[in-house]
Amino acid sequence: MPFLRGSLSYERFSIANFDSKGFDDAHLEQLQNHAAGQFQTESEDNVHVGFLGGEHLFDQEFDYSKNVINDTVHAAVRIDTNQIPAAIRNAWLQIELGGLIKDSPTGKISKAARKEAKEAVEARCETEAATGKYRKMAAASWLWDLRKSVLHFGGSSGASALCADLLERVFEVEVRRMSAGTIAQSWARENDRIAQLDDLYPASFVADQSVMQMPWANEHSQAPDFLGNEFLLWLWWRLENQSDTITLPDESEVTAMLAKTLMLECPLAESGKETISAEFPVKLPEAMQAIRSGKLPRKVGMILVRDGLRYELVLQAETFAVSGAKIVAEDEETIEIDDRIEAIRGLSETIDGMFHTFCERRTGEAWGQERNQIQQWLESSTQPSQRAA
């Protein structure tokens, strides 16, 4: 149950149209009715998705005291597949074709014979799939925060899509992936900055470099996810040149430090990627050289301290996905489960709060001056800042 103990890795999704004020026994019954493992077929390429109670791969029991914690629902999704691996399928086909070549007087295979070979392989696949020996199971935990209407999903993108589809069908809700761009759009709607946000395009921080669209941009999204890359560069500049303490929109403060991991990439798709692992990677000359050449951060490790808790994590710029997050109380006391749920909320609020502070500046009239300051910092810095970490 990774959301309840250990390190955290997750993406976030908004959940809309859940009409109930809370989760009750009727909702738990819906999870039970769609539990993993209830439906199995022997057909090849079958994929079945079902819920788990969260304890282990075969936990099909749901209970209010176990699964509903501090206005959240903690459970898992299991994906059962029954697929013949492509390498095995191809090997069987080559064996069939090899036999046909041996039996052919000309050493060639006719179109009809090739078709028969493929049909023979398909028949074998069906027979092998029926044995169940290629059936695989994979599980991923999720935490549905009813108070914030947010789903934290701790699995792959493919698994998250299947989980989102199942939640939508079972609870008749709308599940949408959150990213830097969608978070910015939500902030803009709440702060009457939609027009200003819509006018934004990727900023240029290096002379003679103009970027209209990042090569890594999601072509199916209209959200300004490039703001995530700019946010990490802005945060880097601010921590190096102003203060390691940032005041959030709710007037609370967070102390931040960039640490452990730094991945950068050229927005022009010319000079490739660069990954730096060190105690303080932004202090290294190669890190400064990378951003002076126009590369932008795509993934950054950071340490955040707020409200008596220390968060150590890696943040992905465009998706705002969190990986390897550790939550530690500054007084080193053990964090109880209810407090851990609150700490997970606090982590998301802290990241979003820093990003909202950036969005306020990015859409404000003073952005041009602030961008110029970042450009001057890049142009004048031949060595990383010597300010103490």
# chains A, B, ... in the order shown; residues from 1 in each chain; ligands from 1

$ residues_around --residues "segment 327-344 of chain A" --least-positions-apart "3" --cutoff "12 Å" --atoms "only C-alpha atoms" --output "CSV table (one decimal) with N, CA and C atoms, in the first residue's frame"
chain,number,residue,atom,x,y,z
A,1,MET,N,0.8,-1.2,0.0
A,1,MET,CA,0.0,0.0,0.0
A,1,MET,C,0.9,1.2,0.0
A,2,PRO,N,1.5,1.6,-1.1
A,2,PRO,CA,2.5,2.6,-1.2
A,2,PRO,C,2.0,4.0,-0.7
A,3,PHE,N,0.8,4.3,-0.9
A,3,PHE,CA,0.3,5.6,-0.4
A,3,PHE,C,0.2,5.7,1.1
A,4,LEU,N,0.2,4.6,1.7
A,4,LEU,CA,0.1,4.6,3.2
A,4,LEU,C,1.5,4.4,3.9
A,5,ARG,N,2.5,4.0,3.1
A,5,ARG,CA,3.8,3.8,3.7
A,5,ARG,C,4.8,3.8,2.6
A,6,GLY,N,6.1,4.1,3.0
A,6,GLY,CA,7.1,4.1,2.0
A,6,GLY,C,7.1,5.3,1.1
A,7,SER,N,7.9,5.3,0.0
A,7,SER,CA,8.0,6.4,-0.9
A,7,SER,C,6.8,6.4,-1.9
A,8,LEU,N,6.6,7.5,-2.5
A,8,LEU,CA,5.4,7.7,-3.4
A,8,LEU,C,5.9,8.1,-4.8
A,9,SER,N,5.1,7.5,-5.7
A,9,SER,CA,5.3,7.9,-7.1
A,9,SER,C,3.9,8.0,-7.7
A,10,TYR,N,3.5,9.1,-8.3
A,10,TYR,CA,2.1,9.2,-8.8
A,10,TYR,C,1.9,10.3,-9.8
A,12,ARG,N,-1.5,12.8,-11.1
A,12,ARG,CA,-2.8,13.3,-10.5
A,12,ARG,C,-3.9,13.4,-11.6
A,66,LYS,N,-10.9,0.0,6.4
A,66,LYS,CA,-9.6,-0.2,5.7
A,66,LYS,C,-9.4,0.7,4.5
A,67,ASN,N,-10.5,1.0,3.8
A,67,ASN,CA,-10.3,1.7,2.5
A,67,ASN,C,-10.7,3.1,2.5
A,68,VAL,N,-11.4,3.6,3.5
A,68,VAL,CA,-11.8,5.0,3.6
A,68,VAL,C,-11.0,5.6,4.8
A,69,ILE,N,-10.1,6.6,4.4
A,69,ILE,CA,-9.2,7.1,5.4
A,69,ILE,C,-9.2,8.6,5.2
A,70,ASN,N,-9.6,9.4,6.2
A,70,ASN,CA,-9.4,10.8,6.2
A,70,ASN,C,-9.9,11.5,4.9
A,71,ASP,N,-11.2,11.2,4.6
A,71,ASP,CA,-11.8,11.7,3.4
A,71,ASP,C,-11.1,11.3,2.1
A,72,THR,N,-10.5,10.2,2.1
A,72,THR,CA,-9.9,9.6,0.9
A,72,THR,C,-10.4,8.1,0.8
A,73,VAL,N,-10.3,7.6,-0.4
A,73,VAL,CA,-10.5,6.2,-0.6
A,73,VAL,C,-9.2,5.6,-1.1
A,74,HIS,N,-8.6,4.6,-0.4
A,74,HIS,CA,-7.4,4.0,-0.9
A,74,HIS,C,-7.7,2.6,-1.3
A,143,LEU,N,-5.3,6.6,-4.8
A,143,LEU,CA,-5.8,7.3,-3.7
A,143,LEU,C,-6.7,8.4,-4.2
A,144,TRP,N,-8.0,8.3,-3.9
A,144,TRP,CA,-9.0,9.2,-4.4
A,144,TRP,C,-9.3,10.2,-3.2
A,145,ASP,N,-8.9,11.4,-3.4
A,145,ASP,CA,-9.1,12.4,-2.3
A,145,ASP,C,-10.4,13.1,-2.6
A,146,LEU,N,-11.4,12.7,-1.8
A,146,LEU,CA,-12.8,13.2,-2.0
A,146,LEU,C,-12.9,14.7,-1.7
A,147,ARG,N,-12.0,15.1,-0.7
A,147,ARG,CA,-12.1,16.6,-0.3
A,147,ARG,C,-11.6,17.5,-1.4
A,148,LYS,N,-10.6,17.0,-2.2
A,148,LYS,CA,-10.0,17.8,-3.2
A,148,LYS,C,-10.4,17.4,-4.6
A,150,VAL,N,-9.5,14.8,-6.3
A,150,VAL,CA,-8.3,14.5,-7.1
A,150,VAL,C,-8.0,13.0,-6.9
A,151,LEU,N,-7.6,12.3,-7.9
A,151,LEU,CA,-7.1,10.9,-7.9
A,151,LEU,C,-5.6,10.9,-8.0
A,152,HIS,N,-4.9,10.3,-7.1
A,152,HIS,CA,-3.5,10.1,-7.2
A,152,HIS,C,-3.3,8.6,-7.7
A,303,ILE,N,13.9,19.3,-2.5
A,303,ILE,CA,13.6,19.1,-1.1
A,303,ILE,C,12.7,20.3,-0.7
A,304,LEU,N,11.5,20.1,-0.1
A,304,LEU,CA,10.6,21.1,0.3
A,304,LEU,C,10.3,21.0,1.8
A,305,VAL,N,10.4,22.1,2.5
A,305,VAL,CA,10.0,22.0,3.9
A,305,VAL,C,8.9,23.0,4.2
A,306,ARG,N,7.8,22.5,4.7
A,306,ARG,CA,6.6,23.3,5.0
A,306,ARG,C,5.8,22.7,6.1
A,307,ASP,N,5.4,23.5,7.0
A,307,ASP,CA,4.5,23.1,8.1
A,307,ASP,C,5.0,21.9,8.9
A,308,GLY,N,6.3,21.9,9.1
A,308,GLY,CA,6.9,20.9,10.0
A,308,GLY,C,7.2,19.6,9.3
A,309,LEU,N,7.0,19.5,7.9
A,309,LEU,CA,7.3,18.3,7.2
A,309,LEU,C,8.3,18.6,6.1
A,310,ARG,N,9.2,17.6,5.8
A,310,ARG,CA,10.1,17.7,4.7
A,310,ARG,C,9.7,16.7,3.7
A,311,TYR,N,9.7,17.2,2.4
A,311,TYR,CA,9.3,16.3,1.3
A,311,TYR,C,10.6,16.3,0.4
A,312,GLU,N,11.0,15.1,0.1
A,312,GLU,CA,12.0,14.8,-0.9
A,312,GLU,C,11.4,14.1,-2.1
A,313,LEU,N,11.6,14.7,-3.3
A,313,LEU,CA,10.9,14.2,-4.5
A,313,LEU,C,11.6,14.6,-5.8
A,322,VAL,N,5.0,13.1,-9.8
A,322,VAL,CA,5.9,13.0,-8.6
A,322,VAL,C,6.5,11.6,-8.6
A,324,GLY,N,9.4,9.0,-6.4
A,324,GLY,CA,10.4,8.8,-5.3
A,324,GLY,C,10.2,9.7,-4.1
A,347,LEU,N,1.7,18.0,0.2
A,347,LEU,CA,2.7,17.9,-0.8
A,347,LEU,C,2.2,18.5,-2.1
A,348,SER,N,1.0,18.1,-2.5
A,348,SER,CA,0.3,18.6,-3.7
A,348,SER,C,0.1,20.1,-3.6
A,349,GLU,N,-0.4,20.5,-2.4
A,349,GLU,CA,-0.7,22.0,-2.2
A,349,GLU,C,0.6,22.8,-2.3
A,350,THR,N,1.7,22.2,-1.8
A,350,THR,CA,2.9,23.0,-1.8
A,350,THR,C,3.5,23.1,-3.2
A,351,ILE,N,3.5,22.1,-4.0
A,351,ILE,CA,3.9,22.1,-5.4
A,351,ILE,C,3.1,23.1,-6.2

$ closest_residue --among "A:Lys118, A:His220, A:Lys133, A:Arg298" --to "Leu262 of chain A" --atoms "only C-alpha atoms"
A:Arg298

$ select_by_dssp --residues "segment 79-321 of chain A" --states "helix (DSSP H, G or I)" --output "PyMOL selection string"
chain A and resi 86-103+111-131+157-171+180-190+194-198+226-241+281-283+285-292

$ select_by_dssp --residues "segment 125-324 of chain A" --states "strand (DSSP E)" --output "MDAnalysis selection string"
chainID A and resid 135:145 150:153 174:177 245:247 253:265 273:278 296:306 309:316 322:324

$ closest_residue --among "A:Ile276, A:Glu240, A:Leu197, A:Val173" --to "Asp225 of chain A" --atoms "only C-alpha atoms"
A:Leu197

$ residues_around --residues "Ala290 of chain A" --least-positions-apart "6" --cutoff "9 Å" --atoms "only C-alpha atoms" --output "ChimeraX atom specification"
/A:264-266,274,296

$ closest_residue --among "A:Arg78, A:Lys273, A:Lys299, A:His356" --to "Asp250 of chain A" --atoms "only C-alpha atoms"
A:His356

$ closest_residue --among "A:Gln83, A:Val47, A:Glu61, A:Arg114" --to "Thr131 of chain A" --atoms "only C-alpha atoms"
A:Gln83

$ residues_around --residues "Thr363 of chain A" --least-positions-apart "2" --cutoff "9 Å" --atoms "only C-alpha atoms" --output "PDB file with C-alpha atoms, in the first residue's frame"
ATOM      1  CA  ARG A 193      -6.468  35.435 -15.774  1.00  0.00           C
ATOM      2  CA  GLN A 196      -3.662  36.504 -20.110  1.00  0.00           C
ATOM      3  CA  LEU A 197      -2.962  32.773 -20.003  1.00  0.00           C
ATOM      4  CA  ASP A 199      -1.980  34.835 -24.847  1.00  0.00           C
ATOM      5  CA  LEU A 200       1.105  33.029 -23.561  1.00  0.00           C
ATOM      6  CA  PHE A 358       4.980  31.525 -10.800  1.00  0.00           C
ATOM      7  CA  CYS A 359       1.728  31.765 -12.805  1.00  0.00           C
ATOM      8  CA  GLU A 360       0.913  35.042 -11.051  1.00  0.00           C
ATOM      9  CA  ARG A 361       4.218  36.478 -12.262  1.00  0.00           C
ATOM     10  CA  GLU A 365       2.737  42.962 -16.306  1.00  0.00           C
ATOM     11  CA  ALA A 366       6.150  42.614 -14.651  1.00  0.00           C
ATOM     12  CA  TRP A 367       6.990  39.327 -16.411  1.00  0.00           C
TER      13      TRP A 367
END
